[in-house]
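Source file: work.cif (mmCIF, C-alpha atoms)
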```cif
data_coords
loop_
_atom_site.label_atom_id
_atom_site.label_comp_id
_atom_site.auth_asym_id
_atom_site.auth_seq_id
_atom_site.Cartn_x
_atom_site.Cartn_y
_atom_site.Cartn_z
CA MET A 1332 92.62 35.55 41.13
CA SER A 1333 95.26 33.11 42.21
CA ALA A 1334 98.79 34.10 41.29
CA THR A 1335 102.38 33.22 42.07
CA ALA A 1336 104.80 35.88 43.22
CA VAL A 1337 108.44 35.89 44.20
CA ILE A 1338 108.97 38.03 47.28
CA TRP A 1339 112.27 39.61 48.35
CA SER A 1340 113.09 41.73 51.37
CA PRO A 1341 116.26 43.78 51.91
CA GLU A 1342 118.32 42.95 54.98
CA ASN A 1343 117.18 44.69 58.18
CA SER A 1344 113.95 45.88 56.55
CA GLN A 1345 110.27 45.04 56.80
CA GLU A 1346 109.68 46.12 53.21
CA GLU A 1347 108.84 43.36 50.76
CA PHE A 1348 109.16 43.69 47.01
CA LEU A 1349 107.57 41.25 44.60
CA VAL A 1350 107.40 40.14 41.01
CA PHE A 1351 104.65 37.97 39.56
CA VAL A 1352 105.61 34.74 37.83
CA ASP A 1353 103.38 33.27 35.11
CA ASP A 1354 105.12 29.92 34.65
CA VAL A 1355 106.51 28.46 37.88
CA ALA A 1356 108.16 25.46 36.17
CA GLU A 1357 110.12 27.73 33.79
CA TYR A 1358 111.07 30.02 36.68
CA GLU A 1359 112.39 27.11 38.72
CA ARG A 1360 114.43 25.85 35.73
CA TRP A 1361 115.87 29.36 35.24
CA LYS A 1362 116.70 29.67 38.94
CA ALA A 1363 118.43 26.27 38.84
CA GLY A 1364 120.77 27.61 36.15
CA ALA A 1365 119.07 27.19 32.76
CA THR A 1366 120.49 30.37 31.25
CA ASP A 1367 118.81 29.71 27.89
CA ILE A 1368 115.41 30.70 29.35
CA ALA A 1369 114.50 34.35 28.81
CA LEU A 1370 112.80 36.17 31.70
CA SER A 1371 109.90 36.97 29.38
CA ARG A 1372 109.06 33.23 29.29
CA PHE A 1373 107.92 33.31 32.92
CA VAL A 1374 107.62 36.97 33.98
CA GLY A 1375 104.51 38.55 32.51
CA ASN A 1376 104.63 42.03 34.00
CA PHE A 1377 108.10 43.59 34.16
CA ALA A 1378 107.35 45.67 37.22
CA VAL A 1379 108.60 45.62 40.80
CA LEU A 1380 105.68 45.91 43.20
CA LYS A 1381 105.18 46.49 46.91
CA THR A 1382 102.25 47.21 49.19
CA SER A 1383 101.12 50.74 49.83
CA THR A 1384 101.94 50.29 53.52
CA SER A 1385 105.45 49.02 52.65
CA VAL A 1386 105.13 46.33 55.33
CA GLY A 1387 104.49 42.75 54.28
CA HIS A 1388 103.08 41.50 51.03
CA THR A 1389 99.37 41.87 51.73
CA GLY A 1390 97.32 44.94 50.93
CA ASN A 1391 97.07 47.12 47.86
CA LEU A 1392 100.01 46.68 45.53
CA GLY A 1393 101.63 49.45 43.55
CA GLU A 1394 104.58 49.77 41.24
CA VAL A 1395 107.88 50.90 42.76
CA SER A 1396 109.48 54.06 41.33
CA LYS A 1397 112.75 53.97 39.40
CA GLN A 1398 114.42 56.09 42.09
CA GLU A 1399 113.35 53.70 44.86
CA ILE A 1400 114.63 50.73 42.84
CA GLN A 1401 118.01 52.43 42.38
CA ASN A 1402 118.26 53.32 46.09
CA VAL A 1403 116.93 50.14 47.72
CA PHE A 1404 118.42 47.55 45.39
CA PHE A 1405 121.62 49.19 44.17
CA GLY A 1406 122.67 51.89 46.64
CA GLY A 1407 121.76 54.77 44.33
CA ASP A 1408 123.38 53.44 41.13
CA LYS A 1409 121.59 55.41 38.41
CA ASN A 1410 122.59 52.90 35.72
CA LYS A 1411 120.30 50.21 37.15
CA HIS A 1412 116.71 49.64 36.05
CA ALA A 1413 113.60 47.64 36.99
CA GLU A 1414 114.84 44.64 34.98
CA ASP A 1415 117.98 44.47 37.15
CA ALA A 1416 115.88 44.59 40.33
CA ILE A 1417 113.57 41.88 38.93
CA GLU A 1418 116.60 39.61 38.53
CA VAL A 1419 117.62 40.27 42.15
CA ILE A 1420 114.12 39.40 43.36
CA LEU A 1421 113.95 36.25 41.23
CA LYS A 1422 117.40 35.03 42.30
CA GLU A 1423 117.19 35.83 46.02
CA GLY A 1424 113.45 35.87 46.75
CA LYS A 1425 111.03 33.23 47.94
CA ILE A 1426 108.09 31.94 45.95
CA HIS A 1427 104.60 32.63 47.31
CA LYS A 1428 101.27 31.46 45.93
CA GLY A 1429 98.25 33.46 46.92
CA ASP A 1430 95.12 35.36 46.00
CA TYR A 1431 95.98 38.84 44.73
CA SER A 1432 92.56 39.72 43.31
CA HIS A 1433 91.98 42.25 46.09
CA SER A 1434 94.89 44.41 45.05
CA TYR A 1435 96.53 45.96 42.02
CA LYS A 1436 94.75 45.69 38.71
CA LEU A 1437 96.66 42.61 37.75
CA THR A 1438 97.28 41.86 34.10
CA LEU A 1439 100.20 39.49 34.17
CA ASN A 1440 101.01 39.81 30.49
CA ALA A 1441 98.92 42.13 28.38
CA GLY A 1442 100.55 40.72 25.24
CA ARG A 1443 98.89 37.39 25.99
CA GLY A 1444 95.49 38.99 26.45
CA ALA A 1445 94.20 41.39 29.04
CA GLY A 1446 91.84 38.92 30.66
CA SER A 1447 88.42 39.86 31.85
CA VAL A 1448 87.77 43.32 33.17
CA LYS A 1449 84.72 43.69 35.35
CA GLY A 1450 83.22 47.06 36.06
CA VAL A 1451 80.44 47.28 38.61
CA GLY A 1452 78.58 50.53 38.68
CA ASN A 1453 75.65 51.91 40.56
CA THR A 1454 72.47 50.20 39.45
CA GLN A 1455 70.21 51.89 41.97
CA GLY A 1456 66.98 53.22 40.50
CA ARG A 1457 66.90 50.88 37.50
#
```
Would you give me this structure, written as structure tokens?
Amino acid sequence: MSATAVIWSPENSQEEFLVFVDDVAEYERWKAGATDIALSRFVGNFAVLKTSTSVGHTGNLGEVSKQEIQNVFFGGDKNKHAEDAIEVILKEGKIHKGDYSHSYKLTLNAGRGAGSVKGVGNTQGR
């Protein structure tokens, strides 16, 4: 599955955090200053993700915990949430197009349809 992500890395860190973008044109308009565009128009999955190895943006992706978001993005501010971190990533990150089918069960926006789910089981002996 080809997808577009915005990737952000904290200063002096190899960790990379990412958010998937459904509509690149809307994202670019928002980033250019179109404040009338809601994040939900171009962000399908309101989750901050990173690889299980925490280095780079390749490998198995998993959702970042609320505590890690508060510590990494906001210095421990307990009043901040994933949506605040998503805005940081979208404003300061770099866009990356790639194939993410090998990692994270990716449903960009379940409200728009879950897409196809393929289950492959053992067919030996049939």
* To do: Decode the PyMOL selection byres ((chain A and resi 1355) around 10) for the given file into explicit residues and return them as a list in words.
  =>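 This file, filtered by the PyMOL selection byres ((chain A and resi 1355) around 10), leaves Thr1335, Ala1336, Val1337, Phe1351, Val1352, Asp1353, Asp1354, Ala1356, Glu1357, Tyr1358, Glu1359, Arg1360, Trp1361, Phe1373, Val1374 and Ile1426 of chain A.
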* Do you have the CA of Ala1416 (chain A)-CA of Gln1401 (chain A) distance handy? ->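 Value for the CA of Ala1416 (chain A)-CA of Gln1401 (chain A) distance: 8.4 Å.
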Once the PyMOL selection byres ((chain A and resi 1404) around 12) has been evaluated on this model, what residues remain selected, and can you format them as a compact mmCIF listing (two decimals) with C-alpha atoms, keeping the file's coordinate frame?
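Listing of part31.txt after writing:
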```
# COMPACT_ATOMS: atom_id res chain seq x y z
CA TRP A 1339 112.27 39.61 48.35
CA SER A 1340 113.09 41.73 51.37
CA PRO A 1341 116.26 43.78 51.91
CA GLU A 1342 118.32 42.95 54.98
CA GLU A 1346 109.68 46.12 53.21
CA GLU A 1347 108.84 43.36 50.76
CA PHE A 1348 109.16 43.69 47.01
CA VAL A 1379 108.60 45.62 40.80
CA VAL A 1395 107.88 50.90 42.76
CA SER A 1396 109.48 54.06 41.33
CA LYS A 1397 112.75 53.97 39.40
CA GLN A 1398 114.42 56.09 42.09
CA GLU A 1399 113.35 53.70 44.86
CA ILE A 1400 114.63 50.73 42.84
CA GLN A 1401 118.01 52.43 42.38
CA ASN A 1402 118.26 53.32 46.09
CA VAL A 1403 116.93 50.14 47.72
CA PHE A 1405 121.62 49.19 44.17
CA GLY A 1406 122.67 51.89 46.64
CA GLY A 1407 121.76 54.77 44.33
CA ASP A 1408 123.38 53.44 41.13
CA LYS A 1409 121.59 55.41 38.41
CA ASN A 1410 122.59 52.90 35.72
CA LYS A 1411 120.30 50.21 37.15
CA HIS A 1412 116.71 49.64 36.05
CA ALA A 1413 113.60 47.64 36.99
CA GLU A 1414 114.84 44.64 34.98
CA ASP A 1415 117.98 44.47 37.15
CA ALA A 1416 115.88 44.59 40.33
CA ILE A 1417 113.57 41.88 38.93
CA GLU A 1418 116.60 39.61 38.53
CA VAL A 1419 117.62 40.27 42.15
CA ILE A 1420 114.12 39.40 43.36
CA GLU A 1423 117.19 35.83 46.02
```
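Put simply, CA of Gln1345 (chain A) is 22.8 Å away from CA of Phe1377 (chain A).
Between CA of Asn1391 (chain A) and CA of Ala1334 (chain A) the separation is 14.7 Å.
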